[in-house]
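The structure appears right after this line, and notes come after that.
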Amino acid sequence: MRLYPALLLFAVIDQEVFMLRFAHQAPVNSYYQATAMHWAHCPPLQEAVSAEVCVVGGGLAGLSAALNLAERGFSVVLLEGAAVGFGASGRNGGQVIAGYACGIDTLRTQLGSELSRVMWDMSVEAVDIIDERVRRHGIDCDWTRGFCNVAVKPRHLQELEVWQQEAELVYGYEGMELWDAARLRQQLGSSRYRGGLFDPRSGHLHPLNYTLGLARAALAAGVRIYEQTPVLRLEQGAQPVVHAEQGLVRCQHVVLACNAYIGQLQPQLERKIMPAGTYVIATEPLGAERAASLIANNMAVCDTNFVLDYYRLSADHRLLFGGKVSYSGREPHDLAGAMRSDMLRVFPQLADVKVDYAWGGFCDITVNRAPDLGRLAGNIYYMQGFSGHGVNVTGIAGKVMAEAIAGTAGRLDLFARLQHRDFPGGKWLRTPALVLGMAYYRMLDAL
């Protein structure tokens, strides 16, 4: 317990400087950056322009909304404060998993059984949207089907069995397979787990290349993208004006897709999310045979702990291993070494393998881990709080945003019915509270 005061002090300090660090941060030295497709960066906004819709944020959420809107015939301007895919969209674990971070129980409690089924179906549609976008736009992002949720403890496997039955009988989601430890070992070269639930429909991809592919598709559809254009102020009204440092956008509708980087642009949104750090390493290339000895069927894998490990193989036969969620804003000391220790707990046979890349980034979480979509005013829309499930859920979020702006708001209104509280503790205490909470859940994982 003696360490907590220091942790809390760092947490408060880091929360205050989070946005300042973002404003000056260079692109992260990640495996994804090293293997990214060519992207001709778009210039910053330096004039006054007009559009029907202004989208703020050039990650997966903003690009999905912009592309869907352009395909519906809207004129769209997208403003990105850094570079397209700079944030979580270009740094995450690349896992595409049906469902939401909050789990189905949260949805059922708030919306009831019938509407929770509608929400579940939208999450499955989100996975199919990725498949459709990759195929239609020829996005080279190593999209691969197959995901397994692996059980660290016997009770976790029992919970997975209950979910498999519920998913099939209540939600109509068929095809998942419950594997015992022996069956899992046929596909996964680790003795750490008691079994797992395999989902052949979910999967994984190269998230930065997928994001850049969506950006290219958006440009081709007529979206005007401006990078290195932080938004300073939003002037609301019948004809909103979005102000940047050297230009502005006059529009009829605004979509805020800033997520962890919303800052003080809209304080009422910022209070409902917290930036959560998560980290990934990429090993040196293992070769096809050795990589297959780790994950024979090339599925993505995630364990059942609260502070979880997630991993998969890359197209060039590396292991990409992620985890170590942090709410303090501080990167773990010796990130590569710390993550390598976690990797060896799962795959001790990789003790001779070097780590070529280590990086981290921030996603935004809500109190209940459900996505937060809705309106601030009749023509100001927002989407945030994907809580670690953003690769797939942003696809459906962008689609329902476009539906609502086009006049059919039923699905957006369903998301908006989810209740979201401000993080407790206010400006100074909410991050320390989360640090303490994380310590508690780490202790439970260890039991």
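All residue names refer to the structure tokens as shown: chains lettered A, B, ... in order, residues numbered from 1 in each chain, ligands numbered from 1 in order.
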_I'd like the contact shell of Val223 in chain A - 12 Å cut-off, only C-alpha atoms, skipping same-chain residues fewer than 2 positions apart - returned as a ChimeraX atom specification._
/A:42,51-55,58,62-79,214-221,225-226
*Between CA of Val242 in chain A and CA of Ile129 in chain A, what is the distance, to one decimal in Å?*
29.5 Å
With a cut-off of 10 Å, could you pull out the residues of range 181-261 of chain A touching range 336-351 of chain A and give me the nearest pair of atoms for each, distance in Å to one decimal, using only C-alpha atoms, ordered by chain and ascending number, as a Markdown table?
```
| residue | atom | partner | partner_atom | distance |
| --- | --- | --- | --- | --- |
| A:Leu188 | CA | A:Phe347 | CA | 9.7 |
| A:Gly189 | CA | A:Phe347 | CA | 7.3 |
| A:Ser190 | CA | A:Phe347 | CA | 5.9 |
| A:Ser191 | CA | A:Val346 | CA | 7.6 |
| A:Arg192 | CA | A:Val346 | CA | 6.1 |
| A:Tyr193 | CA | A:Val346 | CA | 8.9 |
```
Could you dump the residues just selected with N, CA and C atoms as a PDB file, in the first residue's frame?
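Generated file (result-v5.pdb):
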```pdb
ATOM      1  N   LEU A 188      -3.249 -23.982 -30.069  1.00  0.00           N
ATOM      2  CA  LEU A 188      -2.510 -22.964 -29.341  1.00  0.00           C
ATOM      3  C   LEU A 188      -1.385 -23.607 -28.536  1.00  0.00           C
ATOM      4  N   GLY A 189      -0.155 -23.175 -28.781  1.00  0.00           N
ATOM      5  CA  GLY A 189       1.011 -23.784 -28.147  1.00  0.00           C
ATOM      6  C   GLY A 189       1.298 -23.236 -26.777  1.00  0.00           C
ATOM      7  N   SER A 190       0.304 -23.257 -25.883  1.00  0.00           N
ATOM      8  CA  SER A 190       0.486 -22.796 -24.511  1.00  0.00           C
ATOM      9  C   SER A 190      -0.290 -23.712 -23.574  1.00  0.00           C
ATOM     10  N   SER A 191       0.298 -23.994 -22.433  1.00  0.00           N
ATOM     11  CA  SER A 191      -0.361 -24.835 -21.421  1.00  0.00           C
ATOM     12  C   SER A 191      -1.022 -23.994 -20.326  1.00  0.00           C
ATOM     13  N   ARG A 192      -1.138 -22.700 -20.539  1.00  0.00           N
ATOM     14  CA  ARG A 192      -1.633 -21.789 -19.500  1.00  0.00           C
ATOM     15  C   ARG A 192      -3.139 -21.889 -19.280  1.00  0.00           C
ATOM     16  N   TYR A 193      -3.897 -22.394 -20.253  1.00  0.00           N
ATOM     17  CA  TYR A 193      -5.341 -22.210 -20.234  1.00  0.00           C
ATOM     18  C   TYR A 193      -6.105 -23.510 -20.001  1.00  0.00           C
TER      19      TYR A 193
END
```
*Mind listing the alpha helix (DSSP H) residues of range 235-401 of chain A, per DSSP on the backbone, as a PyMOL selection string?*
chain A and resi 267-270+288-294+335-346+390-401
Might you pull out every residue within 7 Å of Gly360 in chain A, with only C-alpha atoms counted and same-chain residues fewer than 4 positions away left off, and present them as a compact mmCIF listing (two decimals) with N, CA and C atoms, in the first residue's frame?
```
# COMPACT_ATOMS: atom_id res chain seq x y z
N ARG A 91 -2.91 1.87 -33.54
CA ARG A 91 -1.97 1.28 -32.58
C ARG A 91 -2.50 0.04 -31.88
N GLY A 277 -4.44 3.47 -21.17
CA GLY A 277 -3.27 3.05 -21.94
C GLY A 277 -3.23 1.54 -22.07
N THR A 278 -2.85 1.07 -23.24
CA THR A 278 -2.62 -0.36 -23.45
C THR A 278 -1.42 -0.50 -24.37
N TYR A 279 -0.74 -1.65 -24.31
CA TYR A 279 0.60 -1.75 -24.87
C TYR A 279 0.78 -3.05 -25.65
N VAL A 280 1.66 -3.00 -26.65
CA VAL A 280 1.86 -4.13 -27.55
C VAL A 280 3.34 -4.26 -27.86
```
_Surrounding residues of Leu208 in chain A excluding itself and chain neighbours under 2 positions, 12 Å, only C-alpha atoms, as number ranges by chain_ = A: 27-28, 30-39, 58-60, 83-94, 139-143, 205-206, 210-215, 391
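Counting only C-alpha atoms and comparing A:Ser314, A:Asn298, A:Asn379, A:Thr109, the residue that lies closest to Cys148 in chain A is A:Asn298.
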*So, counting only C-alpha atoms, which residue among A:Arg369, A:Gly287, A:Glu245, A:Asn392 is closest to Leu107 in chain A?*
A:Arg369
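Nearest residue to Tyr357 in chain A among A:Glu284, A:Glu177, A:Asp316, A:Glu270 is A:Glu284, counting only C-alpha atoms.
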Would you please extract all strand (DSSP E) residues from range 180-365 of chain A, as assigned by DSSP on the backbone, and give them as a PDB file with N, CA and C atoms, in the first residue's frame?
```
ATOM      1  N   ASP A 180     -12.088 -27.811 -24.790  1.00  0.00           N
ATOM      2  CA  ASP A 180     -11.421 -28.107 -23.534  1.00  0.00           C
ATOM      3  C   ASP A 180      -9.921 -27.874 -23.716  1.00  0.00           C
ATOM      4  N   GLY A 195      -9.100 -24.049 -21.396  1.00  0.00           N
ATOM      5  CA  GLY A 195      -9.942 -24.243 -22.567  1.00  0.00           C
ATOM      6  C   GLY A 195     -10.252 -22.897 -23.177  1.00  0.00           C
ATOM      7  N   GLY A 196     -11.225 -22.868 -24.093  1.00  0.00           N
ATOM      8  CA  GLY A 196     -11.555 -21.605 -24.734  1.00  0.00           C
ATOM      9  C   GLY A 196     -12.813 -21.714 -25.564  1.00  0.00           C
ATOM     10  N   LEU A 197     -13.314 -20.565 -25.962  1.00  0.00           N
ATOM     11  CA  LEU A 197     -14.488 -20.480 -26.826  1.00  0.00           C
ATOM     12  C   LEU A 197     -14.056 -19.886 -28.155  1.00  0.00           C
ATOM     13  N   PHE A 198     -14.128 -20.693 -29.209  1.00  0.00           N
ATOM     14  CA  PHE A 198     -13.670 -20.287 -30.537  1.00  0.00           C
ATOM     15  C   PHE A 198     -14.823 -19.731 -31.345  1.00  0.00           C
ATOM     16  N   ASP A 199     -14.605 -18.552 -31.929  1.00  0.00           N
ATOM     17  CA  ASP A 199     -15.590 -17.871 -32.766  1.00  0.00           C
ATOM     18  C   ASP A 199     -15.019 -17.737 -34.170  1.00  0.00           C
ATOM     19  N   PRO A 200     -15.531 -18.495 -35.143  1.00  0.00           N
ATOM     20  CA  PRO A 200     -14.973 -18.439 -36.486  1.00  0.00           C
ATOM     21  C   PRO A 200     -15.327 -17.173 -37.256  1.00  0.00           C
ATOM     22  N   ARG A 201     -16.265 -16.380 -36.746  1.00  0.00           N
ATOM     23  CA  ARG A 201     -16.723 -15.199 -37.482  1.00  0.00           C
ATOM     24  C   ARG A 201     -15.917 -13.954 -37.131  1.00  0.00           C
ATOM     25  N   SER A 202     -15.484 -13.821 -35.883  1.00  0.00           N
ATOM     26  CA  SER A 202     -14.620 -12.714 -35.492  1.00  0.00           C
ATOM     27  C   SER A 202     -13.223 -12.945 -36.064  1.00  0.00           C
ATOM     28  N   GLY A 203     -12.292 -12.017 -35.815  1.00  0.00           N
ATOM     29  CA  GLY A 203     -10.976 -12.199 -36.410  1.00  0.00           C
ATOM     30  C   GLY A 203      -9.994 -11.106 -36.055  1.00  0.00           C
ATOM     31  N   HIS A 204      -9.066 -10.805 -36.978  1.00  0.00           N
ATOM     32  CA  HIS A 204      -8.037  -9.800 -36.707  1.00  0.00           C
ATOM     33  C   HIS A 204      -7.514  -9.220 -38.014  1.00  0.00           C
ATOM     34  N   ARG A 224     -13.275  15.556 -48.109  1.00  0.00           N
ATOM     35  CA  ARG A 224     -12.088  16.408 -48.032  1.00  0.00           C
ATOM     36  C   ARG A 224     -11.464  16.227 -46.649  1.00  0.00           C
ATOM     37  N   ILE A 225     -10.261  15.662 -46.615  1.00  0.00           N
ATOM     38  CA  ILE A 225      -9.574  15.371 -45.361  1.00  0.00           C
ATOM     39  C   ILE A 225      -8.459  16.385 -45.147  1.00  0.00           C
ATOM     40  N   TYR A 226      -8.407  16.948 -43.942  1.00  0.00           N
ATOM     41  CA  TYR A 226      -7.339  17.858 -43.551  1.00  0.00           C
ATOM     42  C   TYR A 226      -6.654  17.291 -42.317  1.00  0.00           C
ATOM     43  N   VAL A 231      -8.984  21.014 -33.811  1.00  0.00           N
ATOM     44  CA  VAL A 231     -10.141  21.889 -33.674  1.00  0.00           C
ATOM     45  C   VAL A 231     -10.045  22.623 -32.345  1.00  0.00           C
ATOM     46  N   LEU A 232     -10.160  23.945 -32.379  1.00  0.00           N
ATOM     47  CA  LEU A 232     -10.025  24.776 -31.189  1.00  0.00           C
ATOM     48  C   LEU A 232     -11.354  25.113 -30.543  1.00  0.00           C
ATOM     49  N   ARG A 233     -12.395  25.228 -31.377  1.00  0.00           N
ATOM     50  CA  ARG A 233     -13.668  25.700 -30.841  1.00  0.00           C
ATOM     51  C   ARG A 233     -14.794  25.283 -31.765  1.00  0.00           C
ATOM     52  N   LEU A 234     -15.924  24.951 -31.181  1.00  0.00           N
ATOM     53  CA  LEU A 234     -17.126  24.604 -31.933  1.00  0.00           C
ATOM     54  C   LEU A 234     -18.209  25.630 -31.631  1.00  0.00           C
ATOM     55  N   GLU A 235     -18.624  26.325 -32.656  1.00  0.00           N
ATOM     56  CA  GLU A 235     -19.686  27.318 -32.544  1.00  0.00           C
ATOM     57  C   GLU A 235     -21.002  26.657 -32.946  1.00  0.00           C
ATOM     58  N   VAL A 241     -20.191  26.320 -36.844  1.00  0.00           N
ATOM     59  CA  VAL A 241     -18.886  26.686 -37.394  1.00  0.00           C
ATOM     60  C   VAL A 241     -17.826  25.982 -36.558  1.00  0.00           C
ATOM     61  N   VAL A 242     -16.966  25.243 -37.222  1.00  0.00           N
ATOM     62  CA  VAL A 242     -15.894  24.510 -36.561  1.00  0.00           C
ATOM     63  C   VAL A 242     -14.600  25.282 -36.798  1.00  0.00           C
ATOM     64  N   HIS A 243     -13.986  25.758 -35.722  1.00  0.00           N
ATOM     65  CA  HIS A 243     -12.827  26.636 -35.825  1.00  0.00           C
ATOM     66  C   HIS A 243     -11.542  25.865 -35.593  1.00  0.00           C
ATOM     67  N   ALA A 244     -10.614  25.978 -36.530  1.00  0.00           N
ATOM     68  CA  ALA A 244      -9.262  25.459 -36.380  1.00  0.00           C
ATOM     69  C   ALA A 244      -8.301  26.639 -36.300  1.00  0.00           C
ATOM     70  N   LEU A 248     -11.576  27.441 -40.924  1.00  0.00           N
ATOM     71  CA  LEU A 248     -12.841  27.083 -40.294  1.00  0.00           C
ATOM     72  C   LEU A 248     -13.718  26.361 -41.302  1.00  0.00           C
ATOM     73  N   VAL A 249     -14.707  25.648 -40.759  1.00  0.00           N
ATOM     74  CA  VAL A 249     -15.670  24.921 -41.586  1.00  0.00           C
ATOM     75  C   VAL A 249     -17.069  25.377 -41.197  1.00  0.00           C
ATOM     76  N   ARG A 250     -17.803  25.875 -42.161  1.00  0.00           N
ATOM     77  CA  ARG A 250     -19.223  26.178 -41.974  1.00  0.00           C
ATOM     78  C   ARG A 250     -20.018  24.981 -42.473  1.00  0.00           C
ATOM     79  N   HIS A 253     -24.186  20.062 -40.085  1.00  0.00           N
ATOM     80  CA  HIS A 253     -24.101  19.026 -39.057  1.00  0.00           C
ATOM     81  C   HIS A 253     -22.635  18.833 -38.681  1.00  0.00           C
ATOM     82  N   VAL A 254     -22.402  18.465 -37.416  1.00  0.00           N
ATOM     83  CA  VAL A 254     -21.066  18.145 -36.932  1.00  0.00           C
ATOM     84  C   VAL A 254     -21.097  16.763 -36.299  1.00  0.00           C
ATOM     85  N   VAL A 255     -20.077  15.955 -36.591  1.00  0.00           N
ATOM     86  CA  VAL A 255     -19.889  14.657 -35.929  1.00  0.00           C
ATOM     87  C   VAL A 255     -18.566  14.703 -35.179  1.00  0.00           C
ATOM     88  N   LEU A 256     -18.618  14.606 -33.865  1.00  0.00           N
ATOM     89  CA  LEU A 256     -17.426  14.591 -33.029  1.00  0.00           C
ATOM     90  C   LEU A 256     -16.996  13.143 -32.808  1.00  0.00           C
ATOM     91  N   MET A 274     -12.510   8.162 -19.996  1.00  0.00           N
ATOM     92  CA  MET A 274     -11.156   8.242 -19.463  1.00  0.00           C
ATOM     93  C   MET A 274     -10.205   7.624 -20.469  1.00  0.00           C
ATOM     94  N   PRO A 275      -9.021   8.226 -20.677  1.00  0.00           N
ATOM     95  CA  PRO A 275      -8.018   7.571 -21.523  1.00  0.00           C
ATOM     96  C   PRO A 275      -7.394   6.396 -20.788  1.00  0.00           C
ATOM     97  N   ALA A 276      -7.360   5.257 -21.441  1.00  0.00           N
ATOM     98  CA  ALA A 276      -6.761   4.051 -20.864  1.00  0.00           C
ATOM     99  C   ALA A 276      -5.608   3.610 -21.759  1.00  0.00           C
ATOM    100  N   GLY A 277      -4.438   3.474 -21.171  1.00  0.00           N
ATOM    101  CA  GLY A 277      -3.273   3.046 -21.936  1.00  0.00           C
ATOM    102  C   GLY A 277      -3.231   1.536 -22.066  1.00  0.00           C
ATOM    103  N   THR A 278      -2.851   1.072 -23.236  1.00  0.00           N
ATOM    104  CA  THR A 278      -2.622  -0.356 -23.446  1.00  0.00           C
ATOM    105  C   THR A 278      -1.417  -0.502 -24.368  1.00  0.00           C
ATOM    106  N   TYR A 279      -0.740  -1.652 -24.308  1.00  0.00           N
ATOM    107  CA  TYR A 279       0.601  -1.748 -24.868  1.00  0.00           C
ATOM    108  C   TYR A 279       0.776  -3.051 -25.646  1.00  0.00           C
ATOM    109  N   VAL A 280       1.658  -2.996 -26.647  1.00  0.00           N
ATOM    110  CA  VAL A 280       1.859  -4.133 -27.549  1.00  0.00           C
ATOM    111  C   VAL A 280       3.342  -4.261 -27.859  1.00  0.00           C
ATOM    112  N   ILE A 281       3.798  -5.490 -28.016  1.00  0.00           N
ATOM    113  CA  ILE A 281       5.129  -5.753 -28.562  1.00  0.00           C
ATOM    114  C   ILE A 281       4.994  -6.630 -29.803  1.00  0.00           C
ATOM    115  N   ALA A 282       5.977  -6.520 -30.668  1.00  0.00           N
ATOM    116  CA  ALA A 282       6.086  -7.391 -31.838  1.00  0.00           C
ATOM    117  C   ALA A 282       7.449  -8.068 -31.793  1.00  0.00           C
ATOM    118  N   THR A 283       7.449  -9.390 -31.866  1.00  0.00           N
ATOM    119  CA  THR A 283       8.713 -10.114 -31.868  1.00  0.00           C
ATOM    120  C   THR A 283       9.402  -9.969 -33.216  1.00  0.00           C
ATOM    121  N   ALA A 300      -6.945 -14.937 -33.651  1.00  0.00           N
ATOM    122  CA  ALA A 300      -6.641 -13.987 -32.585  1.00  0.00           C
ATOM    123  C   ALA A 300      -7.020 -14.624 -31.249  1.00  0.00           C
ATOM    124  N   VAL A 301      -6.318 -14.231 -30.187  1.00  0.00           N
ATOM    125  CA  VAL A 301      -6.542 -14.828 -28.875  1.00  0.00           C
ATOM    126  C   VAL A 301      -6.617 -13.723 -27.829  1.00  0.00           C
ATOM    127  N   CYS A 302      -7.534 -13.882 -26.890  1.00  0.00           N
ATOM    128  CA  CYS A 302      -7.666 -12.968 -25.757  1.00  0.00           C
ATOM    129  C   CYS A 302      -8.049 -13.795 -24.535  1.00  0.00           C
ATOM    130  N   ASP A 303      -7.451 -13.519 -23.374  1.00  0.00           N
ATOM    131  CA  ASP A 303      -7.795 -14.321 -22.204  1.00  0.00           C
ATOM    132  C   ASP A 303      -8.943 -13.690 -21.423  1.00  0.00           C
ATOM    133  N   TYR A 310      -3.749 -10.189 -24.848  1.00  0.00           N
ATOM    134  CA  TYR A 310      -4.338 -10.438 -26.164  1.00  0.00           C
ATOM    135  C   TYR A 310      -3.197 -10.545 -27.176  1.00  0.00           C
ATOM    136  N   TYR A 311      -3.324 -11.442 -28.131  1.00  0.00           N
ATOM    137  CA  TYR A 311      -2.213 -11.662 -29.048  1.00  0.00           C
ATOM    138  C   TYR A 311      -2.690 -12.341 -30.326  1.00  0.00           C
ATOM    139  N   ARG A 312      -1.816 -12.274 -31.325  1.00  0.00           N
ATOM    140  CA  ARG A 312      -2.096 -12.855 -32.634  1.00  0.00           C
ATOM    141  C   ARG A 312      -0.799 -12.885 -33.428  1.00  0.00           C
ATOM    142  N   LEU A 313      -0.832 -13.521 -34.574  1.00  0.00           N
ATOM    143  CA  LEU A 313       0.312 -13.533 -35.476  1.00  0.00           C
ATOM    144  C   LEU A 313       0.147 -12.451 -36.538  1.00  0.00           C
ATOM    145  N   LEU A 319       4.908 -12.655 -33.557  1.00  0.00           N
ATOM    146  CA  LEU A 319       3.862 -12.650 -32.546  1.00  0.00           C
ATOM    147  C   LEU A 319       3.658 -11.221 -32.081  1.00  0.00           C
ATOM    148  N   LEU A 320       2.422 -10.737 -32.156  1.00  0.00           N
ATOM    149  CA  LEU A 320       2.039  -9.438 -31.613  1.00  0.00           C
ATOM    150  C   LEU A 320       1.322  -9.705 -30.293  1.00  0.00           C
ATOM    151  N   PHE A 321       1.895  -9.222 -29.199  1.00  0.00           N
ATOM    152  CA  PHE A 321       1.401  -9.553 -27.865  1.00  0.00           C
ATOM    153  C   PHE A 321       1.083  -8.270 -27.116  1.00  0.00           C
ATOM    154  N   GLY A 322      -0.162  -8.153 -26.612  1.00  0.00           N
ATOM    155  CA  GLY A 322      -0.588  -6.926 -25.969  1.00  0.00           C
ATOM    156  C   GLY A 322      -1.164  -7.146 -24.588  1.00  0.00           C
ATOM    157  N   GLY A 323      -1.258  -6.040 -23.830  1.00  0.00           N
ATOM    158  CA  GLY A 323      -1.844  -6.102 -22.499  1.00  0.00           C
ATOM    159  C   GLY A 323      -1.449  -4.898 -21.658  1.00  0.00           C
ATOM    160  N   LYS A 324      -1.351  -5.111 -20.341  1.00  0.00           N
ATOM    161  CA  LYS A 324      -0.935  -4.095 -19.374  1.00  0.00           C
ATOM    162  C   LYS A 324      -1.742  -2.805 -19.473  1.00  0.00           C
ATOM    163  N   VAL A 325      -3.028  -2.886 -19.226  1.00  0.00           N
ATOM    164  CA  VAL A 325      -3.862  -1.689 -19.228  1.00  0.00           C
ATOM    165  C   VAL A 325      -3.432  -0.765 -18.097  1.00  0.00           C
ATOM    166  N   SER A 326      -3.352   0.543 -18.396  1.00  0.00           N
ATOM    167  CA  SER A 326      -2.960   1.544 -17.405  1.00  0.00           C
ATOM    168  C   SER A 326      -3.888   2.740 -17.485  1.00  0.00           C
ATOM    169  N   VAL A 355      12.528  -8.915 -29.164  1.00  0.00           N
ATOM    170  CA  VAL A 355      11.407  -8.012 -29.406  1.00  0.00           C
ATOM    171  C   VAL A 355      11.898  -6.896 -30.315  1.00  0.00           C
ATOM    172  N   ASP A 356      11.260  -6.741 -31.465  1.00  0.00           N
ATOM    173  CA  ASP A 356      11.662  -5.708 -32.421  1.00  0.00           C
ATOM    174  C   ASP A 356      10.943  -4.372 -32.208  1.00  0.00           C
ATOM    175  N   TYR A 357       9.708  -4.417 -31.704  1.00  0.00           N
ATOM    176  CA  TYR A 357       8.931  -3.190 -31.526  1.00  0.00           C
ATOM    177  C   TYR A 357       8.160  -3.267 -30.207  1.00  0.00           C
ATOM    178  N   ALA A 358       8.051  -2.125 -29.553  1.00  0.00           N
ATOM    179  CA  ALA A 358       7.214  -2.000 -28.352  1.00  0.00           C
ATOM    180  C   ALA A 358       6.573  -0.617 -28.388  1.00  0.00           C
ATOM    181  N   TRP A 359       5.255  -0.559 -28.196  1.00  0.00           N
ATOM    182  CA  TRP A 359       4.566   0.725 -28.274  1.00  0.00           C
ATOM    183  C   TRP A 359       3.286   0.679 -27.444  1.00  0.00           C
ATOM    184  N   GLY A 360       2.694   1.822 -27.277  1.00  0.00           N
ATOM    185  CA  GLY A 360       1.432   1.914 -26.561  1.00  0.00           C
ATOM    186  C   GLY A 360       0.573   3.019 -27.113  1.00  0.00           C
ATOM    187  N   GLY A 361      -0.584   3.185 -26.525  1.00  0.00           N
ATOM    188  CA  GLY A 361      -1.504   4.225 -26.944  1.00  0.00           C
ATOM    189  C   GLY A 361      -2.704   4.247 -26.025  1.00  0.00           C
ATOM    190  N   PHE A 362      -3.620   5.181 -26.307  1.00  0.00           N
ATOM    191  CA  PHE A 362      -4.771   5.386 -25.443  1.00  0.00           C
ATOM    192  C   PHE A 362      -6.067   5.131 -26.198  1.00  0.00           C
ATOM    193  N   CYS A 363      -6.918   4.316 -25.608  1.00  0.00           N
ATOM    194  CA  CYS A 363      -8.311   4.256 -26.033  1.00  0.00           C
ATOM    195  C   CYS A 363      -9.135   4.953 -24.953  1.00  0.00           C
ATOM    196  N   ASP A 364     -10.398   5.192 -25.223  1.00  0.00           N
ATOM    197  CA  ASP A 364     -11.230   5.841 -24.215  1.00  0.00           C
ATOM    198  C   ASP A 364     -12.254   4.841 -23.704  1.00  0.00           C
ATOM    199  N   ILE A 365     -12.474   4.869 -22.395  1.00  0.00           N
ATOM    200  CA  ILE A 365     -13.428   3.962 -21.776  1.00  0.00           C
ATOM    201  C   ILE A 365     -14.533   4.766 -21.105  1.00  0.00           C
TER     202      ILE A 365
END
```
